[in-house]
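Undergrad: I'm passing along data_34.cif; it holds mmCIF, C-alpha atoms.
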data_run
#
loop_
_atom_site.label_atom_id
_atom_site.label_comp_id
_atom_site.auth_asym_id
_atom_site.auth_seq_id
_atom_site.Cartn_x
_atom_site.Cartn_y
_atom_site.Cartn_z
CA MET R 1 21.19 -24.77 21.62
CA ASN R 2 21.64 -22.42 18.67
CA ALA R 3 24.92 -21.17 20.14
CA VAL R 4 26.20 -24.75 20.48
CA ALA R 5 25.07 -25.49 16.93
CA GLU R 6 27.01 -22.54 15.52
CA ARG R 7 30.15 -23.45 17.42
CA TYR R 8 29.79 -27.04 16.18
CA ALA R 9 29.58 -25.83 12.56
CA HIS R 10 32.76 -23.81 13.07
CA LEU R 11 34.49 -26.88 14.55
CA VAL R 12 33.57 -29.01 11.53
CA LEU R 13 35.06 -26.39 9.22
CA ALA R 14 38.15 -26.20 11.43
CA LEU R 15 38.67 -29.96 11.27
CA GLY R 16 38.26 -29.78 7.50
CA GLN R 17 41.56 -27.91 7.42
CA HIS R 18 43.27 -31.09 8.65
CA ASP R 19 41.24 -33.62 6.62
CA PRO R 20 40.34 -32.78 2.99
CA ASP R 21 37.59 -35.44 2.92
CA TYR R 22 35.90 -34.34 6.14
CA VAL R 23 33.67 -31.46 4.99
CA ASP R 24 31.44 -32.98 2.35
CA ALA R 25 29.20 -29.92 1.95
CA PHE R 26 28.94 -26.40 3.35
CA TYR R 27 26.50 -23.68 2.34
CA GLY R 28 26.52 -21.49 5.43
CA PRO R 29 28.03 -17.97 5.63
CA PRO R 30 31.14 -17.87 3.40
CA GLU R 31 33.02 -15.91 6.04
CA TRP R 32 32.86 -18.94 8.37
CA LYS R 33 34.89 -20.98 5.91
CA THR R 34 37.30 -18.09 5.35
CA HIS R 35 37.79 -17.78 9.11
CA ALA R 36 38.57 -21.50 9.42
CA GLU R 37 41.12 -21.27 6.63
CA LYS R 38 42.86 -18.30 8.24
CA GLU R 39 42.72 -19.53 11.83
CA LYS R 40 43.88 -23.12 11.15
CA LYS R 41 42.90 -24.25 14.63
CA SER R 42 45.08 -27.08 15.99
CA LEU R 43 43.75 -30.60 16.52
CA ASP R 44 44.29 -30.22 20.26
CA ALA R 45 42.23 -27.03 20.30
CA ILE R 46 39.46 -28.68 18.27
CA ALA R 47 39.37 -31.64 20.67
CA ALA R 48 39.19 -29.34 23.70
CA GLU R 49 36.34 -27.32 22.25
CA ALA R 50 34.45 -30.48 21.23
CA ALA R 51 34.69 -31.72 24.84
CA GLU R 52 33.42 -28.36 26.04
CA LEU R 53 30.44 -28.45 23.66
CA SER R 54 29.54 -31.98 24.75
CA ALA R 55 29.63 -30.91 28.38
CA THR R 56 27.44 -27.91 27.61
CA LEU R 57 24.83 -30.09 25.92
CA ASN R 58 24.82 -32.49 28.88
CA GLN R 59 24.54 -29.67 31.40
CA ASN R 60 21.60 -28.12 29.56
CA ARG R 61 19.73 -31.42 29.22
CA PRO R 62 16.19 -31.07 30.66
CA SER R 63 16.10 -32.78 34.07
CA PRO R 64 13.34 -35.02 35.42
CA GLN R 65 12.91 -32.55 38.32
CA SER R 66 11.58 -29.96 35.87
CA SER R 67 8.59 -32.22 35.11
CA PRO R 68 5.19 -30.69 35.90
CA LYS R 69 4.07 -33.90 37.60
CA GLY R 70 2.49 -33.15 40.97
CA ARG R 71 1.95 -29.46 40.28
CA GLY R 72 -1.50 -27.97 40.01
CA GLY R 73 -3.43 -25.08 38.52
CA ARG R 74 -1.76 -22.34 36.54
CA GLU R 75 1.72 -23.39 37.65
CA ALA R 76 1.23 -26.80 36.12
CA GLN R 77 -0.11 -25.33 32.91
CA ALA R 78 2.79 -22.88 32.65
CA SER R 79 5.26 -25.64 33.39
CA LYS R 80 3.70 -27.91 30.77
CA SER R 81 3.93 -25.14 28.22
CA SER R 82 7.56 -24.49 29.09
CA ASP R 83 8.46 -28.17 28.98
CA ALA R 84 6.71 -28.56 25.64
CA GLU R 85 8.90 -25.83 24.23
CA GLU R 86 12.12 -27.11 25.79
CA SER R 87 11.90 -30.89 25.89
CA GLY R 88 8.48 -31.99 24.72
CA ASP R 89 9.18 -31.08 21.14
CA GLU R 90 10.29 -34.28 19.46
CA MET R 91 12.38 -32.40 16.93
CA ALA R 92 14.19 -30.53 19.72
CA LYS R 93 15.04 -33.84 21.37
CA LEU R 94 16.29 -35.23 18.09
CA ARG R 95 18.31 -32.09 17.51
CA ARG R 96 20.06 -32.39 20.85
CA GLU R 97 20.82 -36.08 20.31
CA TYR R 98 22.03 -35.35 16.79
CA LEU R 99 24.47 -32.69 18.00
CA GLN R 100 25.75 -34.92 20.78
CA LYS R 101 26.47 -37.80 18.42
CA GLN R 102 27.96 -35.58 15.73
CA ILE R 103 30.29 -33.95 18.24
CA PHE R 104 31.28 -37.35 19.65
CA ALA R 105 32.14 -38.51 16.13
CA LEU R 106 34.09 -35.31 15.46
CA ALA R 107 36.17 -35.91 18.58
CA ALA R 108 36.83 -39.49 17.43
CA ARG R 109 37.97 -38.27 14.02
CA VAL R 110 40.37 -35.86 15.73
CA ARG R 111 41.89 -38.73 17.68
CA MET R 112 42.29 -40.75 14.48
CA LEU R 113 44.03 -37.85 12.75
CA LYS R 114 46.36 -37.62 15.75
CA GLY R 115 47.34 -41.25 15.21
CA GLU R 116 44.91 -43.36 17.25
CA LYS R 117 44.30 -46.74 15.62
CA LEU R 118 40.87 -48.32 15.97
CA LYS R 119 39.57 -51.74 15.01
CA PHE R 120 36.94 -51.73 12.26
CA ASP R 121 33.89 -52.11 14.52
CA ASP R 122 35.23 -49.70 17.12
CA GLU R 123 35.83 -47.14 14.40
CA SER R 124 32.36 -47.49 12.87
CA LEU R 125 30.77 -47.17 16.31
CA ALA R 126 32.80 -44.05 17.11
CA LEU R 127 32.18 -42.35 13.76
CA TYR R 128 28.75 -43.61 12.70
CA ASP R 129 27.19 -44.82 15.97
CA ALA R 130 26.65 -48.24 14.40
CA VAL R 131 28.28 -51.67 14.04
CA ALA R 132 27.59 -53.81 10.99
CA PRO R 133 26.66 -57.47 11.53
CA THR R 134 29.04 -60.29 10.70
CA TYR R 135 27.49 -63.00 8.58
CA ARG R 136 28.46 -66.57 9.31
CA GLN R 137 26.78 -69.82 10.18
CA SER R 138 27.27 -70.70 13.83
CA GLY R 139 30.16 -73.09 14.35
CA SER R 140 31.00 -73.28 10.66
CA ASP R 141 33.38 -71.74 8.15
CA PRO R 142 33.26 -67.93 8.59
CA ASP R 143 32.70 -67.52 4.85
CA SER R 144 29.87 -70.04 4.60
CA HIS R 145 27.14 -67.38 4.38
CA PHE R 146 28.70 -66.03 1.19
CA ASP R 147 29.57 -69.50 -0.10
CA GLU R 148 25.86 -70.36 -0.18
CA ILE R 149 25.09 -67.31 -2.35
CA ILE R 150 28.07 -67.98 -4.60
CA ALA R 151 26.80 -71.52 -5.13
CA GLN R 152 23.49 -70.14 -6.41
CA LEU R 153 25.31 -67.78 -8.77
CA GLU R 154 27.43 -70.64 -10.08
CA LYS R 155 24.25 -72.35 -11.29
CA LYS R 156 23.02 -69.26 -13.14
CA ILE R 157 26.24 -68.28 -14.92
CA PRO R 158 27.56 -70.92 -17.31
CA GLY R 159 31.23 -71.70 -17.76
CA THR R 160 32.97 -74.44 -19.72
CA ASN R 161 35.77 -74.86 -17.20
CA ARG R 162 33.68 -74.52 -14.07
CA GLN R 163 34.57 -77.95 -12.70
CA SER R 164 38.31 -77.52 -13.18
CA GLY R 165 38.31 -74.18 -11.38
CA SER R 166 40.33 -72.48 -14.13
CA ASP R 167 37.40 -70.25 -15.07
CA PRO R 168 36.64 -68.19 -11.91
CA LEU R 169 33.14 -66.91 -11.30
CA TRP R 170 34.09 -63.24 -11.57
CA GLU R 171 35.50 -63.88 -15.05
CA ARG R 172 32.42 -65.77 -16.21
CA TYR R 173 30.21 -63.06 -14.70
CA GLU R 174 32.01 -60.32 -16.66
CA LYS R 175 31.59 -62.24 -19.91
CA TRP R 176 27.96 -63.06 -19.12
CA ARG R 177 26.92 -59.47 -18.40
CA LYS R 178 28.82 -57.85 -21.26
CA PRO R 179 25.64 -57.57 -23.42
CA PHE R 180 24.12 -55.36 -20.69
CA LEU R 181 26.88 -52.75 -20.87
CA ILE R 182 25.73 -49.17 -21.60
CA PRO R 183 27.83 -47.83 -24.51
CA LYS R 184 29.74 -44.71 -23.44
CA GLU R 185 28.18 -42.63 -26.19
CA LYS R 186 24.71 -43.49 -24.86
CA LEU R 187 25.49 -43.19 -21.16
CA ASP R 188 24.24 -39.63 -20.69
CA THR R 189 21.04 -40.28 -22.64
CA VAL R 190 20.24 -43.33 -20.52
CA PHE R 191 21.17 -41.62 -17.28
CA GLN R 192 19.07 -38.54 -18.06
CA LEU R 193 16.04 -40.74 -18.81
CA ALA R 194 16.49 -42.51 -15.48
CA ILE R 195 16.80 -39.16 -13.67
CA LYS R 196 13.64 -37.84 -15.31
CA GLU R 197 11.62 -40.87 -14.25
CA CYS R 198 13.01 -40.94 -10.71
CA ARG R 199 12.25 -37.24 -10.31
CA ALA R 200 8.66 -37.66 -11.49
CA ARG R 201 8.14 -40.57 -9.13
CA THR R 202 9.67 -38.65 -6.22
CA GLN R 203 7.36 -35.70 -6.86
CA ALA R 204 4.41 -38.04 -6.40
CA HIS R 205 5.41 -38.31 -2.72
CA VAL R 206 7.01 -34.99 -1.81
CA ALA R 207 6.90 -31.36 -2.89
CA LEU R 208 10.43 -30.55 -3.99
CA PRO R 209 11.92 -27.15 -3.15
CA PRO R 210 11.43 -24.45 -5.80
CA ASN R 211 14.13 -24.20 -8.44
CA GLU R 212 15.91 -27.34 -7.20
CA SER R 213 18.36 -28.65 -9.77
CA PHE R 214 21.55 -30.53 -10.37
CA THR R 215 24.10 -30.94 -13.11
CA VAL R 216 25.81 -34.17 -14.15
CA GLU R 217 29.51 -34.51 -14.82
CA TYR R 218 31.39 -37.56 -16.08
CA VAL R 219 34.78 -37.99 -14.43
CA THR R 220 37.66 -40.48 -14.17
CA ASN R 221 40.35 -41.54 -11.72
CA LYS R 222 38.10 -41.71 -8.65
CA PRO R 223 37.76 -44.44 -5.97
CA TRP R 224 33.95 -44.29 -6.12
CA GLY R 225 31.30 -44.91 -8.78
CA GLY R 226 29.22 -41.79 -8.21
CA TYR R 227 29.23 -38.75 -5.93
CA ASN R 228 26.79 -35.97 -5.05
CA TRP R 229 28.34 -32.61 -4.20
CA TYR R 230 25.60 -30.54 -2.58
CA LYS R 231 26.22 -26.83 -3.15
CA GLY R 232 23.30 -25.30 -1.27
CA ASN R 233 20.39 -23.29 -2.62
CA PHE R 234 18.84 -26.65 -3.63
CA HIS R 235 21.54 -27.38 -6.20
CA SER R 236 23.89 -30.38 -6.55
CA VAL R 237 26.67 -31.47 -8.85
CA ILE R 238 26.52 -35.21 -9.48
CA GLN R 239 29.68 -36.87 -10.75
CA VAL R 240 29.64 -40.28 -12.42
CA ASN R 241 32.95 -42.14 -12.62
CA THR R 242 33.52 -43.77 -16.02
CA ASP R 243 36.80 -45.54 -15.18
CA LEU R 244 35.01 -48.89 -15.34
CA PRO R 245 32.18 -50.16 -17.56
CA ILE R 246 28.69 -49.08 -16.45
CA TYR R 247 25.89 -51.60 -16.79
CA ILE R 248 22.18 -51.02 -17.33
CA ASP R 249 21.15 -51.59 -13.69
CA ARG R 250 23.36 -48.70 -12.58
CA ALA R 251 21.25 -46.10 -14.43
CA VAL R 252 18.34 -46.23 -12.00
CA ASP R 253 20.64 -47.00 -9.07
CA LEU R 254 22.70 -43.85 -9.65
CA ALA R 255 19.73 -41.65 -10.52
CA ALA R 256 17.87 -42.67 -7.36
CA HIS R 257 20.89 -42.77 -5.03
CA GLU R 258 22.59 -39.53 -6.07
CA GLY R 259 19.51 -37.63 -7.21
CA TYR R 260 15.84 -38.45 -6.68
CA PRO R 261 14.91 -39.27 -3.96
CA GLY R 262 18.48 -39.80 -2.69
CA HIS R 263 21.25 -37.39 -1.74
CA HIS R 264 20.02 -34.40 -3.75
CA VAL R 265 16.51 -34.56 -2.29
CA TYR R 266 17.75 -35.46 1.20
CA ASN R 267 20.06 -32.44 1.33
CA SER R 268 17.51 -30.14 -0.28
CA LEU R 269 14.89 -31.10 2.33
CA LEU R 270 17.38 -30.56 5.14
CA GLU R 271 18.17 -27.11 3.79
CA MET R 272 14.50 -26.19 3.32
CA ASN R 273 13.02 -27.70 6.49
CA LEU R 274 15.82 -27.34 9.02
CA VAL R 275 18.29 -24.67 7.91
CA ARG R 276 15.86 -22.18 6.37
CA ASP R 277 12.60 -22.86 8.21
CA ARG R 278 14.05 -23.57 11.66
CA GLY R 279 17.40 -21.80 11.46
CA TRP R 280 19.39 -24.88 12.51
CA VAL R 281 22.82 -23.87 11.20
CA GLU R 282 24.41 -27.21 12.08
CA PHE R 283 22.82 -28.64 8.94
CA SER R 284 24.52 -26.10 6.69
CA VAL R 285 27.66 -28.21 7.06
CA TYR R 286 27.97 -31.94 6.46
CA PRO R 287 30.91 -33.82 8.02
CA LEU R 288 31.39 -37.00 6.03
CA PHE R 289 32.73 -39.13 8.87
CA SER R 290 29.72 -38.82 11.15
CA PRO R 291 26.41 -40.54 12.01
CA GLN R 292 24.69 -38.29 9.47
CA SER R 293 26.27 -40.41 6.74
CA LEU R 294 24.54 -43.56 8.02
CA VAL R 295 21.20 -41.84 7.40
CA ALA R 296 22.32 -40.14 4.18
CA GLU R 297 23.66 -43.27 2.51
CA GLY R 298 20.93 -45.50 3.90
CA THR R 299 18.12 -43.30 2.59
CA ALA R 300 19.92 -42.88 -0.73
CA ASN R 301 20.22 -46.63 -1.22
CA PHE R 302 16.63 -47.17 -0.13
CA GLY R 303 15.64 -44.44 -2.58
CA ARG R 304 15.55 -47.03 -5.36
CA GLU R 305 12.60 -48.68 -3.63
CA VAL R 306 10.91 -45.33 -3.08
CA ALA R 307 11.12 -44.49 -6.78
CA PHE R 308 10.15 -48.02 -7.81
CA PRO R 309 8.23 -49.69 -4.94
CA THR R 310 7.86 -52.94 -6.87
CA LYS R 311 10.23 -54.82 -9.13
CA THR R 312 7.44 -55.03 -11.71
CA GLU R 313 7.32 -51.24 -12.03
CA ARG R 314 11.07 -50.94 -12.42
CA MET R 315 11.29 -53.76 -14.95
CA LYS R 316 8.49 -52.28 -17.05
CA PHE R 317 10.24 -48.88 -17.18
CA GLU R 318 13.64 -50.34 -17.97
CA LYS R 319 12.37 -52.72 -20.65
CA GLU R 320 10.31 -50.02 -22.35
CA VAL R 321 12.64 -47.04 -21.94
CA LEU R 322 16.19 -47.70 -20.73
CA PHE R 323 17.04 -50.92 -22.58
CA PRO R 324 15.99 -49.46 -25.99
CA ALA R 325 17.82 -46.18 -25.25
CA ALA R 326 20.99 -48.15 -24.50
CA GLY R 327 20.56 -50.35 -27.55
CA ILE R 328 20.29 -53.44 -25.37
CA PRO R 329 17.72 -56.16 -26.22
CA ALA R 330 15.19 -56.44 -23.39
CA SER R 331 14.57 -60.14 -24.00
CA ARG R 332 17.06 -61.17 -21.27
CA ALA R 333 16.12 -58.46 -18.77
CA ASP R 334 14.43 -60.85 -16.36
CA GLU R 335 17.40 -63.21 -16.45
CA TYR R 336 19.79 -60.33 -15.84
CA TYR R 337 17.91 -59.00 -12.82
CA ALA R 338 17.51 -62.46 -11.30
CA VAL R 339 21.31 -62.55 -11.11
CA GLN R 340 21.43 -58.96 -9.77
CA ASP R 341 19.10 -60.00 -6.95
CA LEU R 342 21.67 -62.61 -5.91
CA MET R 343 24.52 -60.14 -6.27
CA LYS R 344 22.67 -57.80 -3.92
CA GLN R 345 22.88 -60.48 -1.24
CA LEU R 346 26.67 -60.18 -1.38
CA ASP R 347 26.62 -56.52 -0.26
CA TYR R 348 28.12 -57.30 3.14
CA ALA R 349 31.08 -59.07 1.54
CA VAL R 350 32.74 -55.67 1.11
CA ASN R 351 32.33 -54.99 4.83
CA LYS R 352 34.04 -58.25 5.64
CA ALA R 353 37.00 -57.49 3.38
CA ALA R 354 37.29 -54.02 4.90
CA ARG R 355 37.01 -55.35 8.46
CA ARG R 356 39.75 -57.92 7.90
CA LEU R 357 42.04 -55.43 6.19
CA ILE R 358 41.66 -52.69 8.79
CA ASN R 359 42.00 -55.17 11.64
CA GLY R 360 45.31 -56.37 10.16
CA GLU R 361 44.06 -59.90 9.50
CA ILE R 362 44.84 -59.76 5.76
CA ASP R 363 46.90 -57.53 3.50
CA GLU R 364 45.77 -55.53 0.48
CA GLN R 365 46.47 -58.32 -2.02
CA ALA R 366 44.48 -60.84 0.01
CA ALA R 367 41.61 -58.36 0.36
CA VAL R 368 41.49 -57.85 -3.41
CA GLN R 369 41.44 -61.61 -3.96
CA TRP R 370 38.67 -61.99 -1.38
CA LEU R 371 36.58 -59.33 -3.18
CA GLN R 372 37.11 -61.13 -6.47
CA LYS R 373 35.85 -64.38 -4.96
CA TYR R 374 33.07 -63.25 -2.62
CA ALA R 375 31.95 -59.94 -4.13
CA VAL R 376 32.42 -61.37 -7.66
CA MET R 377 34.49 -58.39 -8.80
CA GLU R 378 36.88 -58.31 -11.71
CA PRO R 379 40.43 -57.31 -10.67
CA ALA R 380 40.06 -53.67 -11.78
CA ARG R 381 36.78 -53.25 -9.87
CA ALA R 382 38.22 -54.96 -6.80
CA GLN R 383 41.24 -52.65 -6.95
CA GLN R 384 38.94 -49.62 -7.19
CA ARG R 385 36.97 -50.83 -4.18
CA MET R 386 40.21 -51.37 -2.32
CA LYS R 387 41.16 -47.74 -2.95
CA PHE R 388 37.79 -46.72 -1.52
CA ILE R 389 38.29 -48.86 1.59
CA GLN R 390 41.80 -47.53 2.18
CA ARG R 391 40.59 -43.94 1.89
CA TYR R 392 37.21 -44.15 3.66
CA ARG R 393 37.72 -47.25 5.83
CA SER R 394 34.63 -48.23 7.87
CA TYR R 395 32.46 -45.80 5.88
CA VAL R 396 31.44 -48.85 3.81
CA ILE R 397 28.89 -49.87 6.46
CA ASN R 398 26.75 -46.83 5.72
CA TYR R 399 25.56 -48.27 2.41
CA ASN R 400 24.34 -51.72 3.38
CA LEU R 401 23.70 -51.36 7.11
CA GLY R 402 22.25 -47.89 6.56
CA GLU R 403 19.88 -49.21 3.91
CA ASP R 404 18.77 -52.10 6.11
CA MET R 405 18.13 -49.78 9.07
CA VAL R 406 16.12 -47.35 6.95
CA ARG R 407 14.10 -50.22 5.50
CA ARG R 408 13.25 -51.49 9.00
CA TYR R 409 12.24 -47.98 10.02
CA ILE R 410 9.96 -47.60 7.00
CA GLU R 411 8.39 -51.03 7.41
CA LYS R 412 7.74 -50.26 11.06
CA ARG R 413 5.78 -47.18 9.97
CA SER R 414 4.08 -48.44 6.83
CA GLY R 415 4.20 -52.22 6.94
CA THR R 416 5.82 -54.43 4.34
CA ASP R 417 3.51 -53.37 1.49
CA PRO R 418 5.99 -51.82 -0.97
CA THR R 419 3.35 -49.48 -2.40
CA ASN R 420 3.17 -47.69 0.96
CA ALA R 421 6.92 -47.20 1.24
CA GLY R 422 7.20 -44.08 -0.89
CA ALA R 423 4.81 -41.81 0.97
CA ASN R 424 6.12 -42.85 4.39
CA SER R 425 9.82 -43.03 3.60
CA VAL R 426 10.14 -39.46 2.39
CA SER R 427 9.13 -38.30 5.87
CA CYS R 428 12.24 -40.10 7.15
CA PHE R 429 14.60 -38.19 4.89
CA PRO R 430 14.64 -34.84 6.72
CA ARG R 431 14.56 -36.45 10.17
CA LEU R 432 17.64 -36.60 12.32
CA ASP R 433 17.42 -40.23 13.33
CA CYS R 434 16.22 -43.10 11.14
CA ARG R 435 17.04 -45.94 13.50
CA ALA R 436 14.55 -48.77 13.60
CA GLY R 437 14.89 -49.43 17.32
#
Written as structure tokens, how would this file's structure read?
TA:
Amino acid sequence: MNAVAERYAHLVLALGQHDPDYVDAFYGPPEWKTHAEKEKKSLDAIAAEAAELSATLNQNRPSPQSSPKGRGGREAQASKSSDAEESGDEMAKLRREYLQKQIFALAARVRMLKGEKLKFDDESLALYDAVAPTYRQSGSDPDSHFDEIIAQLEKKIPGTNRQSGSDPLWERYEKWRKPFLIPKEKLDTVFQLAIKECRARTQAHVALPPNESFTVEYVTNKPWGGYNWYKGNFHSVIQVNTDLPIYIDRAVDLAAHEGYPGHHVYNSLLEMNLVRDRGWVEFSVYPLFSPQSLVAEGTANFGREVAFPTKTERMKFEKEVLFPAAGIPASRADEYYAVQDLMKQLDYAVNKAARRLINGEIDEQAAVQWLQKYAVMEPARAQQRMKFIQRYRSYVINYNLGEDMVRRYIEKRSGTDPTNAGANSVSCFPRLDCRAG
């Protein structure tokens, strides 16, 4: 399987020559990347080799006939030992399945780059091995699920012209939350405090690799809010986009998602446990449009609950540390987070806008208007999200669906007691498959 894994890594790098977003991280031998740049393998050649690798994995799959059942004595013992090495090892099984699904997704991405058009759900299934649910009440308006949440938000956010409809919810929401804006000159201070706390809380559950570190950069003109660029050797560069105002809740969200115990820890554990300890070179490269992203984004989003298993813990830290550091009175913190809890329930609204846009049901302008109404986004934020959707398409499912799948996996292992989530969830991070099924 090591030979297949190395060829797969080369294929990912080769496809990266056709798609600048495809290779999210690579810290394998530098000469592999140089070779890909010089060779510039065609899409047809990449597709052919991907099909060959898939066939090889299927041919080498352990067969039921190799089972030691019915054998006796030393032969049975030898067979059991052999099977344990080849197919009994759970990690080996996961590795094979991981490679199969990653290669399948790579082949799908090749077809897309060659011009194949897929519907939203077909695309997410091909690239991420998952389909996000559609939320609607049976036999009713397809937007009724979100209407119910919006109605609750309407009651919490005052507006003088609410009845006339001239004062839309997104506008009232922006005015209402303005006091919770982190001033730009205090952003780094607040963010660094959040990082420090998230790191300490992560260390309570997992031994981090030696000398792990990351640097923070503040950038503009990006379609995303934050990004982790993993560089290898347990180091990341985390970029925070300051195009739009950043509010107090985003400090912990970004620190946990991009850093501890999110992307930075996830990638560091993969490098330590799989690449270095086991020599699995396929994890030295990370193709963005692949099932790995469902796990990566899902664990990163769930990381907030690992760092702060209960809302009480998070609120205490923010009231005592982050709110004062940002110069924001903590007296309305509970009110603010009650609204954020409702906003969280609108996560899948972005999926619906993306699904309709990609399926050709609405145009860009209608999608922006839908995000303003059902994701309660100001026009600039809705436009930014639209840029993300147009660039990354069905990738949006990895955040909400990924988080929900990881949560189900953790609760299956540790129960619903949030205080048990941290210790059990970290064990999910370096695994290859975090599905709850």
Undergrad: Might you spell out which residues the PyMOL selection byres ((chain R and resi 22-33) around 8) would select in the displayed file, as a PyMOL selection string?
TA: chain R and resi 10+12-13+15-16+19-21+34-37+229-233+281+284-289
Undergrad: Which of these residues is nearest to R:Glu305, using only C-alpha atoms: R:Cys198, R:Val368, R:Leu342, R:Leu269?
TA: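 Of R:Cys198, R:Val368, R:Leu342, R:Leu269, the one nearest R:Glu305 is R:Cys198, counting only C-alpha atoms.
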Undergrad: Distance atom CA of R:Lys387-atom CA of R:Asp253, one decimal place?
TA: 21.4 Å
Undergrad: Within 12 Å of (23.2, -45.1, 3.4) in the file's own coordinates, which protein, DNA or RNA residues have an atom, counting only C-alpha atoms? List them as a PyMOL selection string.
TA: chain R and resi 128+130+257-258+262-263+266+288+290-304+395-407+429+434-435
Undergrad: Print the selection's residues with C-alpha atoms to a file, as a CSV table (one decimal), in the coordinates of the input.
TA:
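Resulting contents of out_37.csv:
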chain,number,residue,atom,x,y,z
R,128,TYR,CA,28.8,-43.6,12.7
R,130,ALA,CA,26.6,-48.2,14.4
R,257,HIS,CA,20.9,-42.8,-5.0
R,258,GLU,CA,22.6,-39.5,-6.1
R,262,GLY,CA,18.5,-39.8,-2.7
R,263,HIS,CA,21.2,-37.4,-1.7
R,266,TYR,CA,17.8,-35.5,1.2
R,288,LEU,CA,31.4,-37.0,6.0
R,290,SER,CA,29.7,-38.8,11.2
R,291,PRO,CA,26.4,-40.5,12.0
R,292,GLN,CA,24.7,-38.3,9.5
R,293,SER,CA,26.3,-40.4,6.7
R,294,LEU,CA,24.5,-43.6,8.0
R,295,VAL,CA,21.2,-41.8,7.4
R,296,ALA,CA,22.3,-40.1,4.2
R,297,GLU,CA,23.7,-43.3,2.5
R,298,GLY,CA,20.9,-45.5,3.9
R,299,THR,CA,18.1,-43.3,2.6
R,300,ALA,CA,19.9,-42.9,-0.7
R,301,ASN,CA,20.2,-46.6,-1.2
R,302,PHE,CA,16.6,-47.2,-0.1
R,303,GLY,CA,15.6,-44.4,-2.6
R,304,ARG,CA,15.6,-47.0,-5.4
R,395,TYR,CA,32.5,-45.8,5.9
R,396,VAL,CA,31.4,-48.8,3.8
R,397,ILE,CA,28.9,-49.9,6.5
R,398,ASN,CA,26.8,-46.8,5.7
R,399,TYR,CA,25.6,-48.3,2.4
R,400,ASN,CA,24.3,-51.7,3.4
R,401,LEU,CA,23.7,-51.4,7.1
R,402,GLY,CA,22.2,-47.9,6.6
R,403,GLU,CA,19.9,-49.2,3.9
R,404,ASP,CA,18.8,-52.1,6.1
R,405,MET,CA,18.1,-49.8,9.1
R,406,VAL,CA,16.1,-47.4,7.0
R,407,ARG,CA,14.1,-50.2,5.5
R,429,PHE,CA,14.6,-38.2,4.9
R,434,CYS,CA,16.2,-43.1,11.1
R,435,ARG,CA,17.0,-45.9,13.5
Undergrad: Quick check, in Å to one decimal: how far apart do atom CA of R:Asp363 and atom CA of R:Ser124 lie?
TA: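 Separation between atom CA of R:Asp363 and atom CA of R:Ser124: 20.0 Å.
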Undergrad: Assuming the chain letters and numbering stay as they are in my file, what does the PyMOL selection byres ((chain R and resi 344) around 12) actually select? List them as an MDAnalysis selection string.
TA: chainID R and resid 146 149:150 153 249 301 337:343 345:350 374:376 399:400 403
Undergrad: Could you pull the residues within 12 Å of R:Gln59, counting all atoms listed in the file, minus those fewer than 5 positions along the same chain, as a PyMOL selection string?
TA: chain R and resi 1+52-54+96+100
Undergrad: Between R:Ala107, R:Val240, R:Ile248, R:Leu274, which has the minimum distance to R:Ile182 (counting only C-alpha atoms)?
TA: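 The answer is R:Ile248, which sits nearest to R:Ile182.
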Undergrad: May I ask for the distance between atom CA of R:Asp44 and atom CA of R:Gln102, given in Å to one decimal place?
TA: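 Between atom CA of R:Asp44 and atom CA of R:Gln102 the gap is 17.8 Å.
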Undergrad: Report the residues retrieved by the PyMOL selection byres ((chain R and resi 164-181) around 10) from the displayed file, expressed as a PyMOL selection string.
TA: chain R and resi 150-151+153-154+156-163+182-184+187+245-250+323+326-330+332-333+336+339+371-379
Undergrad: Keeping only C-alpha atoms, write the selected residues as a tab-separated table (two decimals), in the coordinates of the input.
TA:
chain	number	residue	atom	x	y	z
R	150	ILE	CA	28.07	-67.98	-4.60
R	151	ALA	CA	26.80	-71.52	-5.13
R	153	LEU	CA	25.31	-67.78	-8.77
R	154	GLU	CA	27.43	-70.64	-10.08
R	156	LYS	CA	23.02	-69.26	-13.14
R	157	ILE	CA	26.24	-68.28	-14.92
R	158	PRO	CA	27.56	-70.92	-17.31
R	159	GLY	CA	31.23	-71.70	-17.76
R	160	THR	CA	32.97	-74.44	-19.72
R	161	ASN	CA	35.77	-74.86	-17.20
R	162	ARG	CA	33.68	-74.52	-14.07
R	163	GLN	CA	34.57	-77.95	-12.70
R	182	ILE	CA	25.73	-49.17	-21.60
R	183	PRO	CA	27.83	-47.83	-24.51
R	184	LYS	CA	29.74	-44.71	-23.44
R	187	LEU	CA	25.49	-43.19	-21.16
R	245	PRO	CA	32.18	-50.16	-17.56
R	246	ILE	CA	28.69	-49.08	-16.45
R	247	TYR	CA	25.89	-51.60	-16.79
R	248	ILE	CA	22.18	-51.02	-17.33
R	249	ASP	CA	21.15	-51.59	-13.69
R	250	ARG	CA	23.36	-48.70	-12.58
R	323	PHE	CA	17.04	-50.92	-22.58
R	326	ALA	CA	20.99	-48.15	-24.50
R	327	GLY	CA	20.56	-50.35	-27.55
R	328	ILE	CA	20.29	-53.44	-25.37
R	329	PRO	CA	17.72	-56.16	-26.22
R	330	ALA	CA	15.19	-56.44	-23.39
R	332	ARG	CA	17.06	-61.17	-21.27
R	333	ALA	CA	16.12	-58.46	-18.77
R	336	TYR	CA	19.79	-60.33	-15.84
R	339	VAL	CA	21.31	-62.55	-11.11
R	371	LEU	CA	36.58	-59.33	-3.18
R	372	GLN	CA	37.11	-61.13	-6.47
R	373	LYS	CA	35.85	-64.38	-4.96
R	374	TYR	CA	33.07	-63.25	-2.62
R	375	ALA	CA	31.95	-59.94	-4.13
R	376	VAL	CA	32.42	-61.37	-7.66
R	377	MET	CA	34.49	-58.39	-8.80
R	378	GLU	CA	36.88	-58.31	-11.71
R	379	PRO	CA	40.43	-57.31	-10.67
